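File shown: start27.cif. Contents: mmCIF, C-alpha atoms and all ligand atoms.
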```cif
data_target
loop_
_atom_site.label_atom_id
_atom_site.label_comp_id
_atom_site.auth_asym_id
_atom_site.auth_seq_id
_atom_site.Cartn_x
_atom_site.Cartn_y
_atom_site.Cartn_z
CA MET A 1 -13.15 -6.40 -5.55
CA ARG A 2 -10.01 -8.51 -5.41
CA LEU A 3 -7.05 -7.88 -3.12
CA THR A 4 -3.68 -9.46 -3.92
CA VAL A 5 -0.81 -9.29 -1.45
CA LEU A 6 2.31 -8.39 -3.44
CA GLY A 7 4.51 -7.77 -0.41
CA LYS A 8 3.84 -7.67 3.32
CA SER A 9 7.29 -7.43 4.93
CA PRO A 10 7.99 -4.76 7.53
CA SER A 11 10.94 -2.40 6.93
CA TRP A 12 13.30 -5.22 5.99
CA GLN A 13 12.29 -7.77 3.42
CA ASP A 14 11.41 -11.41 4.03
CA ALA A 15 13.70 -13.89 2.28
CA GLY A 16 12.76 -13.50 -1.39
CA GLY A 17 10.06 -11.07 -0.36
CA ALA A 18 8.87 -7.51 -0.73
CA CYS A 19 7.79 -4.72 1.58
CA SER A 20 4.27 -3.26 1.56
CA GLY A 21 2.33 -3.50 -1.70
CA TYR A 22 -1.33 -4.46 -2.15
CA LEU A 23 -3.03 -4.71 -5.52
CA ILE A 24 -6.75 -3.93 -5.74
CA GLU A 25 -8.60 -5.00 -8.89
CA GLU A 26 -12.23 -4.25 -9.64
CA SER A 27 -14.07 -4.29 -12.99
CA GLY A 28 -10.91 -3.66 -15.05
CA THR A 29 -9.48 -0.99 -12.73
CA SER A 30 -6.18 -1.67 -10.94
CA VAL A 31 -4.91 0.30 -7.96
CA LEU A 32 -1.71 -0.34 -6.04
CA LEU A 33 -1.73 0.54 -2.33
CA ASP A 34 1.85 1.35 -1.32
CA CYS A 35 4.94 0.51 -3.36
CA GLY A 36 7.71 -0.56 -0.99
CA ASN A 37 11.05 -2.08 -1.94
CA GLY A 38 10.61 -5.27 -3.95
CA VAL A 39 7.00 -4.53 -4.92
CA PHE A 40 7.59 -3.53 -8.56
CA GLY A 41 8.97 -6.97 -9.47
CA LYS A 42 6.09 -8.68 -7.64
CA LEU A 43 3.60 -6.42 -9.45
CA ARG A 44 5.07 -7.44 -12.80
CA GLU A 45 4.49 -11.10 -11.96
CA ARG A 46 0.77 -10.32 -11.63
CA ILE A 47 -0.19 -7.63 -14.13
CA ASP A 48 1.36 -5.41 -16.78
CA TYR A 49 2.61 -2.26 -15.06
CA VAL A 50 1.23 -0.01 -17.84
CA ASP A 51 -2.25 -1.22 -16.84
CA VAL A 52 -2.01 0.18 -13.31
CA ASP A 53 -4.51 3.04 -13.09
CA ALA A 54 -3.27 4.53 -9.83
CA VAL A 55 -0.82 4.11 -6.97
CA VAL A 56 -1.79 5.42 -3.53
CA ILE A 57 0.91 5.85 -0.86
CA SER A 58 -0.02 5.69 2.85
CA HIS A 59 3.12 7.38 4.19
CA LEU A 60 6.68 8.20 3.29
CA HIS A 61 8.60 5.45 5.02
CA ALA A 62 11.01 3.65 2.71
CA ASP A 63 9.23 0.30 2.93
CA HIS A 64 6.06 1.94 1.53
CA PHE A 65 7.39 3.96 -1.41
CA LEU A 66 10.94 3.03 -2.51
CA ASP A 67 9.85 1.04 -5.57
CA LEU A 68 8.30 4.19 -7.03
CA VAL A 69 11.86 4.66 -8.26
CA PRO A 70 12.11 1.58 -10.55
CA PHE A 71 8.42 2.01 -11.48
CA SER A 72 9.25 5.56 -12.63
CA TYR A 73 12.27 4.37 -14.59
CA ALA A 74 10.10 1.80 -16.38
CA LEU A 75 7.47 4.40 -17.28
CA THR A 76 10.21 6.75 -18.51
CA TYR A 77 12.71 4.54 -20.31
CA ALA A 78 10.96 1.29 -21.26
CA PRO A 79 11.13 0.87 -25.07
CA ARG A 80 7.34 0.40 -25.21
CA GLN A 81 6.80 3.86 -23.70
CA GLN A 82 8.72 5.68 -26.47
CA PRO A 83 7.04 7.64 -29.31
CA VAL A 84 9.06 5.83 -32.01
CA PRO A 85 9.45 2.09 -32.76
CA VAL A 86 12.13 0.47 -30.57
CA ASP A 87 13.03 -3.20 -30.86
CA ARG A 88 9.74 -5.14 -31.02
CA TRP A 89 7.67 -2.24 -29.69
CA PRO A 90 5.79 -0.17 -32.28
CA GLY A 91 5.99 3.20 -30.50
CA THR A 92 3.13 4.97 -28.76
CA GLU A 93 1.53 8.39 -28.85
CA SER A 94 0.06 7.84 -25.40
CA PRO A 95 2.54 6.30 -22.96
CA ALA A 96 1.10 5.07 -19.65
CA ARG A 97 1.14 7.71 -16.93
CA PRO A 98 -0.70 6.29 -13.89
CA GLU A 99 -2.07 8.56 -11.18
CA LEU A 100 0.16 8.69 -8.09
CA HIS A 101 -1.58 9.91 -4.93
CA VAL A 102 0.74 10.86 -2.08
CA PRO A 103 0.33 12.41 1.40
CA PRO A 104 0.51 16.18 1.97
CA GLY A 105 4.03 17.52 1.41
CA ALA A 106 5.24 14.33 -0.26
CA VAL A 107 5.98 15.94 -3.63
CA ALA A 108 8.86 17.92 -2.12
CA THR A 109 10.15 14.88 -0.23
CA LEU A 110 10.11 12.69 -3.34
CA ARG A 111 12.05 15.40 -5.22
CA ARG A 112 14.69 15.32 -2.49
CA VAL A 113 14.95 11.52 -2.60
CA VAL A 114 15.50 11.21 -6.36
CA GLY A 115 17.30 14.56 -6.39
CA ALA A 116 20.09 12.86 -4.41
CA TRP A 117 21.41 11.68 -7.79
CA GLY A 118 20.19 14.63 -9.84
CA SER A 119 16.83 13.24 -11.02
CA GLU A 120 14.52 15.64 -9.14
CA ASP A 121 11.64 15.35 -11.60
CA LEU A 122 11.88 11.58 -12.27
CA ILE A 123 8.74 10.60 -10.34
CA GLU A 124 6.59 13.61 -11.23
CA ASN A 125 7.34 13.18 -14.94
CA ALA A 126 6.61 9.45 -14.89
CA PHE A 127 3.35 9.63 -12.94
CA ASP A 128 0.38 11.99 -12.76
CA LEU A 129 1.44 13.06 -9.26
CA ARG A 130 -1.08 14.52 -6.81
CA GLU A 131 -1.08 15.18 -3.06
CA TYR A 132 -4.21 14.13 -1.20
CA GLN A 133 -5.54 15.63 2.04
CA ALA A 134 -7.13 13.89 5.01
CA GLN A 135 -10.59 14.81 3.74
CA SER A 136 -9.92 13.87 0.10
CA ARG A 137 -12.12 11.33 -1.66
CA LEU A 138 -10.53 9.61 -4.61
CA GLU A 139 -12.53 8.21 -7.51
CA ILE A 140 -10.55 5.76 -9.62
CA GLY A 141 -12.77 3.86 -12.06
CA PRO A 142 -15.45 2.30 -9.84
CA LEU A 143 -13.24 2.49 -6.73
CA ARG A 144 -13.72 5.08 -4.00
CA ILE A 145 -10.96 5.76 -1.47
CA ARG A 146 -11.16 7.78 1.74
CA PHE A 147 -8.42 8.55 4.26
CA GLN A 148 -7.94 8.59 8.02
CA PRO A 149 -4.81 9.89 9.81
CA VAL A 150 -3.41 7.24 12.17
CA PRO A 151 -0.66 7.49 14.81
CA HIS A 152 2.76 6.49 13.46
CA PHE A 153 6.23 8.03 13.38
CA THR A 154 5.45 10.20 10.36
CA GLU A 155 2.15 11.50 8.93
CA THR A 156 0.30 8.34 7.91
CA PHE A 157 -3.12 7.58 6.44
CA ALA A 158 -5.30 4.51 6.66
CA MET A 159 -7.55 3.98 3.62
CA ARG A 160 -11.09 2.74 3.17
CA ILE A 161 -11.79 1.32 -0.27
CA SER A 162 -15.24 0.64 -1.64
CA SER A 163 -16.69 0.22 -5.10
CA GLU A 164 -19.54 1.76 -7.04
CA SER A 165 -20.11 -1.71 -8.45
CA GLY A 166 -21.30 -2.91 -5.08
CA ALA A 167 -18.35 -4.90 -3.75
CA GLY A 168 -17.70 -4.93 0.00
CA ARG A 169 -15.60 -2.54 2.02
CA LEU A 170 -11.88 -2.97 2.54
CA VAL A 171 -9.85 -1.02 5.08
CA TYR A 172 -6.05 -0.81 4.98
CA GLY A 173 -4.73 0.37 8.34
CA ALA A 174 -1.26 1.25 6.99
CA ASP A 175 1.35 1.40 9.78
CA CYS A 176 -0.11 2.52 13.09
CA GLY A 177 -0.04 2.30 16.83
CA PRO A 178 -3.13 1.63 18.97
CA THR A 179 -5.90 4.11 18.11
CA GLU A 180 -9.65 4.49 18.30
CA ALA A 181 -9.52 6.45 15.07
CA LEU A 182 -8.85 3.34 12.99
CA SER A 183 -11.64 1.32 14.57
CA GLU A 184 -14.17 4.08 13.99
CA PHE A 185 -13.01 4.66 10.43
CA ALA A 186 -13.13 0.90 9.74
CA SER A 187 -16.55 0.39 11.29
CA GLY A 188 -18.32 -2.47 9.54
CA ALA A 189 -15.48 -3.27 7.12
CA ASP A 190 -15.79 -6.65 5.42
CA LEU A 191 -12.03 -7.08 5.53
CA ILE A 192 -9.58 -5.05 7.58
CA MET A 193 -5.83 -5.21 7.04
CA VAL A 194 -4.01 -4.38 10.25
CA GLU A 195 -0.29 -4.31 10.82
CA ALA A 196 1.19 -6.77 13.33
CA THR A 197 4.79 -5.65 13.34
CA LEU A 198 5.68 -6.25 16.98
CA PRO A 199 6.12 -9.44 19.00
CA ARG A 200 5.66 -7.18 22.07
CA PRO A 201 4.79 -3.47 22.45
CA GLU A 202 7.54 -0.85 22.10
CA ARG A 203 9.37 -0.56 25.43
CA SER A 204 9.83 3.20 25.32
CA GLY A 205 8.76 6.31 23.45
CA GLN A 206 5.79 6.84 21.17
CA ARG A 207 3.65 3.87 20.12
CA GLY A 208 3.80 3.49 16.33
CA HIS A 209 3.15 -0.20 15.68
CA LEU A 210 0.91 -3.02 16.92
CA THR A 211 1.24 -6.55 18.22
CA PRO A 212 -1.02 -9.25 16.71
CA GLY A 213 -3.19 -9.10 19.84
CA GLU A 214 -3.56 -5.34 19.51
CA ALA A 215 -4.39 -5.78 15.81
CA GLY A 216 -7.12 -8.21 16.85
CA ARG A 217 -8.55 -5.65 19.27
CA GLN A 218 -8.60 -2.99 16.54
CA ALA A 219 -10.56 -5.36 14.29
CA ARG A 220 -12.99 -6.30 17.07
CA GLU A 221 -13.67 -2.66 17.93
CA ALA A 222 -14.32 -1.99 14.24
CA GLY A 223 -16.78 -4.87 14.04
CA ALA A 224 -14.90 -6.10 10.96
CA GLY A 225 -15.88 -9.32 9.21
CA ARG A 226 -12.37 -10.64 8.62
CA LEU A 227 -8.89 -9.64 9.76
CA LEU A 228 -5.77 -9.87 7.65
CA LEU A 229 -2.50 -9.34 9.52
CA VAL A 230 0.09 -7.49 7.45
CA HIS A 231 3.53 -5.86 7.93
CA ILE A 232 4.84 -8.92 9.73
CA SER A 233 8.30 -10.41 9.31
CA ASP A 234 9.03 -13.99 8.29
CA GLU A 235 11.25 -14.04 11.36
CA LEU A 236 8.15 -14.17 13.57
CA ASP A 237 5.94 -17.20 14.23
CA THR A 238 2.86 -17.04 11.98
CA ASP A 239 0.81 -19.46 14.10
CA ARG A 240 1.49 -17.56 17.27
CA ALA A 241 0.53 -14.27 15.60
CA ARG A 242 -2.72 -15.74 14.24
CA ASN A 243 -3.67 -17.30 17.59
CA GLU A 244 -2.97 -14.10 19.49
CA ALA A 245 -4.98 -12.03 17.02
CA GLU A 246 -7.86 -14.53 16.92
CA ALA A 247 -8.13 -14.58 20.70
CA ALA A 248 -8.47 -10.78 20.75
CA PHE A 249 -10.65 -10.49 17.63
CA GLY A 250 -13.03 -13.39 18.10
CA GLY A 251 -13.33 -13.83 14.33
CA PRO A 252 -11.39 -15.30 11.41
CA VAL A 253 -7.77 -14.14 11.04
CA GLU A 254 -5.29 -14.73 8.26
CA VAL A 255 -1.63 -13.80 8.19
CA ALA A 256 -0.71 -12.20 4.87
CA SER A 257 1.51 -14.18 2.52
CA GLU A 258 2.79 -13.03 -0.85
CA GLY A 259 0.46 -13.91 -3.69
CA ALA A 260 -2.54 -14.50 -1.42
CA THR A 261 -5.79 -13.15 -2.88
CA PHE A 262 -9.01 -12.14 -1.17
CA GLU A 263 -12.44 -11.44 -2.71
CA ILE A 264 -14.26 -8.63 -0.92
ZN ZN A 301 6.17 0.06 7.23
ZN ZN A 302 5.97 3.25 8.60
#
```

Would you write out, as structure tokens, the structure that this file holds?
Amino acid sequence: MRLTVLGKSPSWQDAGGACSGYLIEESGTSVLLDCGNGVFGKLRERIDYVDVDAVVISHLHADHFLDLVPFSYALTYAPRQQPVPVDRWPGTESPARPELHVPPGAVATLRRVVGAWGSEDLIENAFDLREYQAQSRLEIGPLRIRFQPVPHFTETFAMRISSESGAGRLVYGADCGPTEALSEFASGADLIMVEATLPRPERSGQRGHLTPGEAGRQAREAGAGRLLLVHISDELDTDRARNEAEAAFGGPVEVASEGATFEI
């Protein structure tokens, strides 16, 4: 299984960067985890968007789903998706319609978002749209995906990805505050992706994000093989984040950068 970081910015993009988007490729199957602003262009640099089998969204914060909008426009209006010849494209009887798996209640929310300019059914017409539940198990080609609710400011799901073809286990922690639930869910993961949004914990209110040190603790408690820090701004010091996480984890840590790939 190969993981490619398409975008790893928090809710505002790095210079020239993209928000959350992680491409998983395994035996000819391609799945995109999250599709934040900037991700669609980064995806197109890597693979043809009509070859994406499924998109899975962890939660409905803008930085995790906004580029479903341009992705939907491409699937709807691109000349190559039309039934008749247009320009150099021959026309197709079977336009691409990737699966789009979203959290409970997200269908109505997505309708409201694109409905703001009168395109209520844009996303559901472009994709094969389905809501998952906490106990859902997705099967996409050889990939298997399970979910775990994690504490954040809106309903959010971590994901555990494995393969029938025998690759290792990958866990994507999505956005989350400190929680035992993630460590248990990620137990024995070969690679765990944990957010490291904060240079210091939130000073008031609910915890919804992690520092690099806290991310390291989550990985240690999970007994993970490797830790990849994600959801971290280019305005923070990468070396400091890695050192802090390594001290808490006691294992190898990498800070996500766009285009980085990992074999699992
Ligand atoms: Zn986020
Ligand atoms: Zn979020």

Listing only residues of chain A within 12 Å of ligand ZN 301 (chain A), what is the closest atom pair and its distance in Å (to one decimal) for each, using only C-alpha atoms and all ligand atoms, sorted by chain and residue number ascending, as JSON lines?
```
{"residue": "A:Gly7", "atom": "CA", "partner": "A:ZN301", "partner_atom": "ZN", "distance": 11.1}
{"residue": "A:Lys8", "atom": "CA", "partner": "A:ZN301", "partner_atom": "ZN", "distance": 9.0}
{"residue": "A:Ser9", "atom": "CA", "partner": "A:ZN301", "partner_atom": "ZN", "distance": 7.9}
{"residue": "A:Pro10", "atom": "CA", "partner": "A:ZN301", "partner_atom": "ZN", "distance": 5.2}
{"residue": "A:Ser11", "atom": "CA", "partner": "A:ZN301", "partner_atom": "ZN", "distance": 5.4}
{"residue": "A:Trp12", "atom": "CA", "partner": "A:ZN301", "partner_atom": "ZN", "distance": 9.0}
{"residue": "A:Gln13", "atom": "CA", "partner": "A:ZN301", "partner_atom": "ZN", "distance": 10.6}
{"residue": "A:Ala18", "atom": "CA", "partner": "A:ZN301", "partner_atom": "ZN", "distance": 11.3}
{"residue": "A:Cys19", "atom": "CA", "partner": "A:ZN301", "partner_atom": "ZN", "distance": 7.6}
{"residue": "A:Ser20", "atom": "CA", "partner": "A:ZN301", "partner_atom": "ZN", "distance": 6.8}
{"residue": "A:Gly21", "atom": "CA", "partner": "A:ZN301", "partner_atom": "ZN", "distance": 10.4}
{"residue": "A:Asp34", "atom": "CA", "partner": "A:ZN301", "partner_atom": "ZN", "distance": 9.7}
{"residue": "A:Cys35", "atom": "CA", "partner": "A:ZN301", "partner_atom": "ZN", "distance": 10.7}
{"residue": "A:Gly36", "atom": "CA", "partner": "A:ZN301", "partner_atom": "ZN", "distance": 8.4}
{"residue": "A:Asn37", "atom": "CA", "partner": "A:ZN301", "partner_atom": "ZN", "distance": 10.6}
{"residue": "A:Ile57", "atom": "CA", "partner": "A:ZN301", "partner_atom": "ZN", "distance": 11.3}
{"residue": "A:Ser58", "atom": "CA", "partner": "A:ZN301", "partner_atom": "ZN", "distance": 9.4}
{"residue": "A:His59", "atom": "CA", "partner": "A:ZN301", "partner_atom": "ZN", "distance": 8.5}
{"residue": "A:Leu60", "atom": "CA", "partner": "A:ZN301", "partner_atom": "ZN", "distance": 9.1}
{"residue": "A:His61", "atom": "CA", "partner": "A:ZN301", "partner_atom": "ZN", "distance": 6.3}
{"residue": "A:Ala62", "atom": "CA", "partner": "A:ZN301", "partner_atom": "ZN", "distance": 7.5}
{"residue": "A:Asp63", "atom": "CA", "partner": "A:ZN301", "partner_atom": "ZN", "distance": 5.3}
{"residue": "A:His64", "atom": "CA", "partner": "A:ZN301", "partner_atom": "ZN", "distance": 6.0}
{"residue": "A:Phe65", "atom": "CA", "partner": "A:ZN301", "partner_atom": "ZN", "distance": 9.6}
{"residue": "A:Leu66", "atom": "CA", "partner": "A:ZN301", "partner_atom": "ZN", "distance": 11.2}
{"residue": "A:His152", "atom": "CA", "partner": "A:ZN301", "partner_atom": "ZN", "distance": 9.6}
{"residue": "A:Phe153", "atom": "CA", "partner": "A:ZN301", "partner_atom": "ZN", "distance": 10.1}
{"residue": "A:Thr154", "atom": "CA", "partner": "A:ZN301", "partner_atom": "ZN", "distance": 10.6}
{"residue": "A:Thr156", "atom": "CA", "partner": "A:ZN301", "partner_atom": "ZN", "distance": 10.2}
{"residue": "A:Phe157", "atom": "CA", "partner": "A:ZN301", "partner_atom": "ZN", "distance": 12.0}
{"residue": "A:Gly173", "atom": "CA", "partner": "A:ZN301", "partner_atom": "ZN", "distance": 11.0}
{"residue": "A:Ala174", "atom": "CA", "partner": "A:ZN301", "partner_atom": "ZN", "distance": 7.5}
{"residue": "A:Asp175", "atom": "CA", "partner": "A:ZN301", "partner_atom": "ZN", "distance": 5.6}
{"residue": "A:Cys176", "atom": "CA", "partner": "A:ZN301", "partner_atom": "ZN", "distance": 8.9}
{"residue": "A:Gly177", "atom": "CA", "partner": "A:ZN301", "partner_atom": "ZN", "distance": 11.7}
{"residue": "A:Val194", "atom": "CA", "partner": "A:ZN301", "partner_atom": "ZN", "distance": 11.5}
{"residue": "A:Glu195", "atom": "CA", "partner": "A:ZN301", "partner_atom": "ZN", "distance": 8.6}
{"residue": "A:Ala196", "atom": "CA", "partner": "A:ZN301", "partner_atom": "ZN", "distance": 10.4}
{"residue": "A:Thr197", "atom": "CA", "partner": "A:ZN301", "partner_atom": "ZN", "distance": 8.5}
{"residue": "A:Leu198", "atom": "CA", "partner": "A:ZN301", "partner_atom": "ZN", "distance": 11.6}
{"residue": "A:Gly208", "atom": "CA", "partner": "A:ZN301", "partner_atom": "ZN", "distance": 10.0}
{"residue": "A:His209", "atom": "CA", "partner": "A:ZN301", "partner_atom": "ZN", "distance": 9.0}
{"residue": "A:Leu210", "atom": "CA", "partner": "A:ZN301", "partner_atom": "ZN", "distance": 11.4}
{"residue": "A:Val230", "atom": "CA", "partner": "A:ZN301", "partner_atom": "ZN", "distance": 9.7}
{"residue": "A:His231", "atom": "CA", "partner": "A:ZN301", "partner_atom": "ZN", "distance": 6.5}
{"residue": "A:Ile232", "atom": "CA", "partner": "A:ZN301", "partner_atom": "ZN", "distance": 9.4}
{"residue": "A:Ser233", "atom": "CA", "partner": "A:ZN301", "partner_atom": "ZN", "distance": 10.9}
```

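Proximity ranking of A:Pro70, A:Pro201, A:Gly166, A:Pro178 relative to Ala215 (chain A) places A:Pro178 first, based on only C-alpha atoms.
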
Between CA of Ile24 (chain A) and CA of Arg240 (chain A), what is the spacing in Å?
28.0 Å

Top pick for closest residue to ligand ZN 302 (chain A), considering A:Arg97, A:Arg146, A:Arg207, A:Lys42 and counting only C-alpha atoms and all ligand atoms
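Ranked by minimum distance to ligand ZN 302 (chain A), first place goes to A:Arg207.
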
Choose the residue, out of A:Gly28, A:Gly250, A:Pro98, A:Pro85, that has the smallest atom-to-atom separation from Val50 (chain A); count all atoms listed in the file.
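Distance minimum relative to Val50 (chain A) lands on A:Pro98.
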
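Among A:Pro104, A:Gly38, A:Gly141, A:Gly168, the residue with the shortest atom-to-atom distance to Phe262 (chain A), counting only C-alpha atoms, is A:Gly168.
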
Let me have the centre and edge lengths in Å, one decimal, of the box along x, y and z around every listed atom of region 65-73 of chain A with 3 Å of margin on each side, as AutoDock Vina command-line options.
```
--center_x 9.8 --center_y 3.3 --center_z -8.0 --size_x 10.9 --size_y 10.5 --size_z 19.2
```

Just give me the gap between CA of Phe71 (chain A) and CA of Val171 (chain A) in Å, one decimal is fine.
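Distance reported for this atom pair: 24.8 Å.
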